[in-house]
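Working notes, structure below.
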Amino acid sequence: MKFLRWSLPLAIFIVVAGFLYVGLYRDPHEVPSPLIGKPAPAFALAELHHPDRTLATADMRGQVWLLNVWASWCVSCREEHPLLVALSKAGVVPIIGLDYKDKSEDGLAWLVGNGDPYTKSVVDLDGRVGINWGVYGVPETFVVDKAGIIRYKQIGPLTQDALSRKILPLVRELQKS
Amino acid sequence: MIPELGHFALIVALLVAIVQGVVPMIGAARRDSALMAVAVPAARAQFALVALAFGCLAWSFVTSDFSVQNVAVNSNSHLPLQYRFAATWGSHEGSLLLWALMLGGWGFAVSVFSRNLPQVLRARVLAVMGLVAIGFLLFMLAASDPFLRLVPVPPEGRDLNALLQDPGMVVHPPMLYMGYVGFSVAFAFAIAALIGGKLDASWARWSRPWTTVAWSFLTIGIALGSIWSYYTLGWGGWWFWDPVENASFMPWLAGTALIHSLAVTEKRGAFRSWTVLLAILAFSLSLIGTFLVRSGVLTSVHAFATDPARGTFILGFLAIVIGGSLTLYAFRAGAVGAGGDFAPVSRESMLLGNNILLVIALASVLLGTLYPLFIDALKLGKISVGPPYFDSVFYPLMAPMIFLMGVGPIASWRKARIPDLWTRLRWAAYVAAATGVLAPFAMGRWKPLVALGLLLAAWVAAATASALLQRLRAAPQRGIVAKMRANSPAWYGMLLAHLGVAAFIVGVTLVKGYEVERDVRLDVGQGVEVGGDTYTFRGIVPQAGPNYDALVGTVEVTREGRHVATLKPQKRTYRASGEVMTEASIQSGILGDHYVSLGEPVTAQGTSGAWAVRIYVKPFVDWIWFGCLLMALGGFTAIADRRYRLALRHKFAGVLGAAARGAT
């Protein structure tokens, strides 16, 4: 009985080490999204800048668009933000911002401070739309085609590499079809 | 030639570490003094060799030898000297070498300051440190060679990550590693005691100063990291509960518990097996921290290298070191014996309470840090755990601990009486209550959490002051100086560190309660009022730095027309990498900081038009770091204790004598 008590720390360590081992072979950035190839979950949310107006997924039908999930409390969002600002200046594709689990005033202030790359922004205060879209962490970026099908999902901050190698070629291809 | 020399020195260091780890251990088992005597020269030689290797790498960086891959990837010839030097530990390989250097340094220090130790204990302690060094040196040579050459030699280096080109880079990693690695000494003492089965008050007295010094360095290291992120990341936060921050915070929590538990073991002989476990835990968490940072298991703003091969190596190493020592613990902890008993109300019970709360806090931070990994490994999905979890778990645990901090130092050992405690702490309680109720009004608005925070801070400060006054009054000596000298430096160190905690709480409470963060758009000449001050934007001027081009903004701060400060936040573009960094400009003061950083230009005119500017007012934020400094100072004061110092002087005299004899 005594021995069992003294070996408790060892037992805990073995469990933790086991998890760490499994974790080594899993890339925290890579998540297969079950939603790729499926229709984007519909939403109709209040716009961030104009709370009296709403934006719905149906409004975006017929064009290729990006949904960028961000929040003012999200550290990595600041990392990807300059890329989004540059992308919006290029005007290649509309970017819809989903301000996730965030207070509107915080979100607005954040956009003023960091630049607003979004064609339109909506607020997902309670995170329900995020759940439907399978968002597990912020930031995430989805590519949605003209028919409203999710074609790609970027987990974590956008990188120049991901943009120029995957997202932009995909957007161009989808826009042609 | 120099890099090869460094590489060779590392190989020899590994061989020496093997000797250091194995021979004295066998000697201790056989009671063979000749074999045990190998420990000291081996530890010193190992340190000298690792220091040589480190010097070679530093030399390659300082002279911009781009034929070394590590230098080519992490440095640049236009990098200022101090950053070329600091770039030595800017990479994965280099930071491991720094780690090994620190480990060697601590081993060297033990070899110098351990002449009073029984030979068997000394041999075992140094052997354990040698075994740990084997792991690190082997890892470096096998999977992370810092001296790898590059063919063809690139004409220019890729540059150090712009985020790391900061004075913080020069001081933060060495301090942090001093702390991390310093726990290896307490760990080695614990393992030696478990092997020997002898764990008594003198064992605790020997391990205490080492633990305290390591803890003090770790405290400074963490505080420096926090300051660095505060001014360099450009959004004024000082702690993010990021996995890498947690990785440094967990050993700190374990170390804090260990310091207190060691005090009980030394004074009362109690908590022995618990103290040993904490010593193992503190160092194990330092190793796990290294694993988390180096393996890329968790996503973090600090994640540098992600390489499963390296991760597997470190994990194997962890399994041997931590698994091995916990196995040893399982078999031997029963043998170290229990200590003196104590009543439910006594200093022991308070310290036990503090220990339990610290360990629960530690467990919750560990759980929060690893939870995403657990969920992922169980294929339940991917989640991230953020500040809301940590804040809601951590603060409620700290409140009772801070209450105990006031009572513990005043309670007597073995058995304390509640009425006595009340008599002695009554004034502190009144002061705390009055501060909690009234002080928030002075800040403008009364908030319950601010009241609670200030109450706790005042409680610690007032109880600490009462402890001091009562001790002085009770001392039989005459005259304040004589009375002061009647108490040990260790006791003053404790008071100082506790005052540091009070200052820390004031800082955290007020900055959380009253900080103002405004992101505003400002035209040149336009002003905005934030927190009673007017911030006027005076425009942007380009300015060239040594290896970057900066846009320097000027923001003038005035209060009722009087000049308060002129702030010059920068936006830097580093030439070699093209990375953009935001350098905030901060006017610090005892009452708080004015913090301004540049966002983006908001109009098409670019630099001459309007800019987004972040203006933050951070009341009392510097108290956070000042508090950490006091805690560390308390630690350094404590080791100046006569009992340790006397022993030290003998050791020094011995070493100098030996050196003199060797020279003649």
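The chains in the structure tokens are called A, B, ... from first to last as shown; in each chain the residues are counted from 1, and the ligands are counted from 1 in the order shown.
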
Listing only residues of chain A within 6 Å of chain B, what is the closest atom pair and its distance in Å (to one decimal) for each, using only C-alpha atoms, sorted by chain and residue number ascending, as JSON lines?
{"residue": "A:Trp6", "atom": "CA", "partner": "B:Ala330", "partner_atom": "CA", "distance": 4.5}
{"residue": "A:Ser7", "atom": "CA", "partner": "B:Ala330", "partner_atom": "CA", "distance": 4.5}
{"residue": "A:Leu10", "atom": "CA", "partner": "B:Leu326", "partner_atom": "CA", "distance": 5.1}
{"residue": "A:Val22", "atom": "CA", "partner": "B:Ala377", "partner_atom": "CA", "distance": 5.9}
{"residue": "A:Gly23", "atom": "CA", "partner": "B:Val297", "partner_atom": "CA", "distance": 5.9}
{"residue": "A:Leu24", "atom": "CA", "partner": "B:Val297", "partner_atom": "CA", "distance": 5.5}
{"residue": "A:Ala109", "atom": "CA", "partner": "B:Asp519", "partner_atom": "CA", "distance": 5.5}
{"residue": "A:Gly113", "atom": "CA", "partner": "B:Asp519", "partner_atom": "CA", "distance": 4.8}
{"residue": "A:Asn114", "atom": "CA", "partner": "B:Gly599", "partner_atom": "CA", "distance": 5.5}
{"residue": "A:Tyr136", "atom": "CA", "partner": "B:Ile383", "partner_atom": "CA", "distance": 5.2}
{"residue": "A:Gly137", "atom": "CA", "partner": "B:Ser384", "partner_atom": "CA", "distance": 5.9}

Expected file contents, prior selection, C-alpha atoms, as a PDB file, in the first residue's frame:
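Once written, selection.pdb looks like this:
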ATOM      1  CA  TRP A   6       5.133   6.479  -3.415  1.00  0.00           C
ATOM      2  CA  SER A   7       4.746   5.329  -7.008  1.00  0.00           C
ATOM      3  CA  LEU A  10       5.761   7.841 -11.407  1.00  0.00           C
ATOM      4  CA  VAL A  22       1.680  10.553 -29.218  1.00  0.00           C
ATOM      5  CA  GLY A  23       1.694  14.337 -29.475  1.00  0.00           C
ATOM      6  CA  LEU A  24       5.086  14.299 -31.154  1.00  0.00           C
ATOM      7  CA  ALA A 109     -11.144  49.246 -31.837  1.00  0.00           C
ATOM      8  CA  GLY A 113      -5.647  50.041 -34.715  1.00  0.00           C
ATOM      9  CA  ASN A 114      -4.500  47.310 -37.032  1.00  0.00           C
ATOM     10  CA  TYR A 136     -11.361  25.087 -32.797  1.00  0.00           C
ATOM     11  CA  GLY A 137      -8.880  27.907 -32.524  1.00  0.00           C
TER      12      GLY A 137
END

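Atom to atom, CA of Ala434 in chain B and CA of Tyr492 in chain B stand 26.4 Å apart.
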
Point out the residue among B:Val530, B:Val365, B:Leu452, B:Ile280 with the least atom-to-atom distance to Met250 in chain B, counting only C-alpha atoms.
B:Val365

Using only C-alpha atoms for the distances, tell me which of A:Val75, A:Ile150, A:Ala58, A:Val123 is nearest to Gly236 in chain B.
A:Val75

Could you give me, as a PDB file with C-alpha atoms, in the first residue's frame, the residues within 8 Å of Ala429 in chain B, counting only C-alpha atoms and dropping anything in the same chain fewer than 3 positions from it?
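Just written: selection.pdb:
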ATOM      1  CA  LEU B 425      -1.920  40.083  13.324  1.00  0.00           C
ATOM      2  CA  ARG B 426      -4.831  42.261  14.352  1.00  0.00           C
ATOM      3  CA  ALA B 432      -5.687  45.266   5.016  1.00  0.00           C
ATOM      4  CA  ALA B 433      -9.427  45.779   5.460  1.00  0.00           C
ATOM      5  CA  TRP B 459      -2.381  42.104   4.213  1.00  0.00           C
ATOM      6  CA  ALA B 462       1.294  44.772   6.875  1.00  0.00           C
ATOM      7  CA  ALA B 463       1.720  41.257   8.272  1.00  0.00           C
TER       8      ALA B 463
END

I want to know what sits within 12 Å of Arg128 in chain A, based on only C-alpha atoms, with residues of the same chain fewer than 5 positions away left out; could you give that as a ChimeraX atom specification?
/A:41-45,98-101,123,133-136

Would you export the selected residues with C-alpha atoms as a PDB file, in the first residue's frame, please?
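What ended up in again-v1.pdb:
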ATOM      1  CA  PRO A  41     -22.872  26.124 -42.789  1.00  0.00           C
ATOM      2  CA  ALA A  42     -25.332  28.955 -43.238  1.00  0.00           C
ATOM      3  CA  PHE A  43     -25.309  31.950 -40.974  1.00  0.00           C
ATOM      4  CA  ALA A  44     -26.984  35.321 -40.804  1.00  0.00           C
ATOM      5  CA  LEU A  45     -25.126  37.574 -38.413  1.00  0.00           C
ATOM      6  CA  LEU A  98     -15.864  36.678 -38.445  1.00  0.00           C
ATOM      7  CA  ASP A  99     -15.145  38.327 -35.117  1.00  0.00           C
ATOM      8  CA  TYR A 100     -15.280  35.284 -32.907  1.00  0.00           C
ATOM      9  CA  LYS A 101     -16.398  35.370 -29.260  1.00  0.00           C
ATOM     10  CA  VAL A 123     -19.829  39.267 -35.062  1.00  0.00           C
ATOM     11  CA  TRP A 133     -17.899  25.866 -39.030  1.00  0.00           C
ATOM     12  CA  GLY A 134     -15.709  23.595 -36.934  1.00  0.00           C
ATOM     13  CA  VAL A 135     -13.539  26.378 -35.614  1.00  0.00           C
ATOM     14  CA  TYR A 136     -11.361  25.087 -32.797  1.00  0.00           C
TER      15      TYR A 136
END

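Of the residues listed (B:Ile639, B:Met443, B:Ala503, B:Ile586), B:Ile639 shows the shortest atom-to-atom separation from Trp210 in chain B; distances use only C-alpha atoms.
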
Using only C-alpha atoms, determine which residues lie at most 12 Å from Gly553 in chain B, disregarding the query and same-chain residues fewer than 4 positions distant; provide the list as an MDAnalysis selection string.
chainID B and resid 522:525 536:543 566:572 582:585 596:601 607:614

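Those residues that approach Asp145 in chain A to within 7 Å, counting only C-alpha atoms, are A:Gln63, A:Val64, A:Trp65, A:Ile149, A:Ile150, A:Arg151, A:Leu174; same-chain residues fewer than 4 positions away are not listed.
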
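Nearest residue to Ser121 in chain A among A:Arg5, A:Lys38, A:His81, A:His49 is A:His49, counting only C-alpha atoms.
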
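Using only C-alpha atoms for every distance, the candidate list B:Ile314, B:Leu455, B:Ile195, B:Val564 yields B:Leu455 as the residue closest to Val431 in chain B.
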
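Nearest-residue note for Leu160 in chain B: choosing from B:Ser184, B:Ser248, B:Thr211, B:Gln82, the minimum distance belongs to B:Gln82, counting only C-alpha atoms.
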
Could you list, as a short mmCIF file (atom, residue, chain, number, x, y, z; two decimals) with N, CA and C atoms, in the first residue's frame, every residue within 9 Å of Pro82 in chain A, counting only C-alpha atoms and ignoring same-chain residues fewer than 5 positions away?
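The resulting file, part25.cif, is shown below:
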data_model
loop_
_atom_site.label_atom_id
_atom_site.label_comp_id
_atom_site.auth_asym_id
_atom_site.auth_seq_id
_atom_site.Cartn_x
_atom_site.Cartn_y
_atom_site.Cartn_z
N LEU A 87 -3.51 41.66 -48.76
CA LEU A 87 -4.38 40.92 -49.66
C LEU A 87 -5.60 41.75 -50.03
N ASN A 114 -5.34 48.19 -36.24
CA ASN A 114 -4.50 47.31 -37.03
C ASN A 114 -4.80 47.37 -38.53
N GLY A 115 -5.80 48.15 -38.89
CA GLY A 115 -6.19 48.20 -40.28
C GLY A 115 -7.33 47.21 -40.51
N PRO A 117 -9.03 44.88 -43.14
CA PRO A 117 -8.90 44.28 -44.46
C PRO A 117 -10.22 43.67 -44.95
#

Write down as a PyMOL selection string the residues belonging to range 16-156 of chain A that are assigned strand (DSSP E) by DSSP computed on the backbone.
chain A and resi 44-46+54-56+65-70+95-100+120-124+140-144+150-155
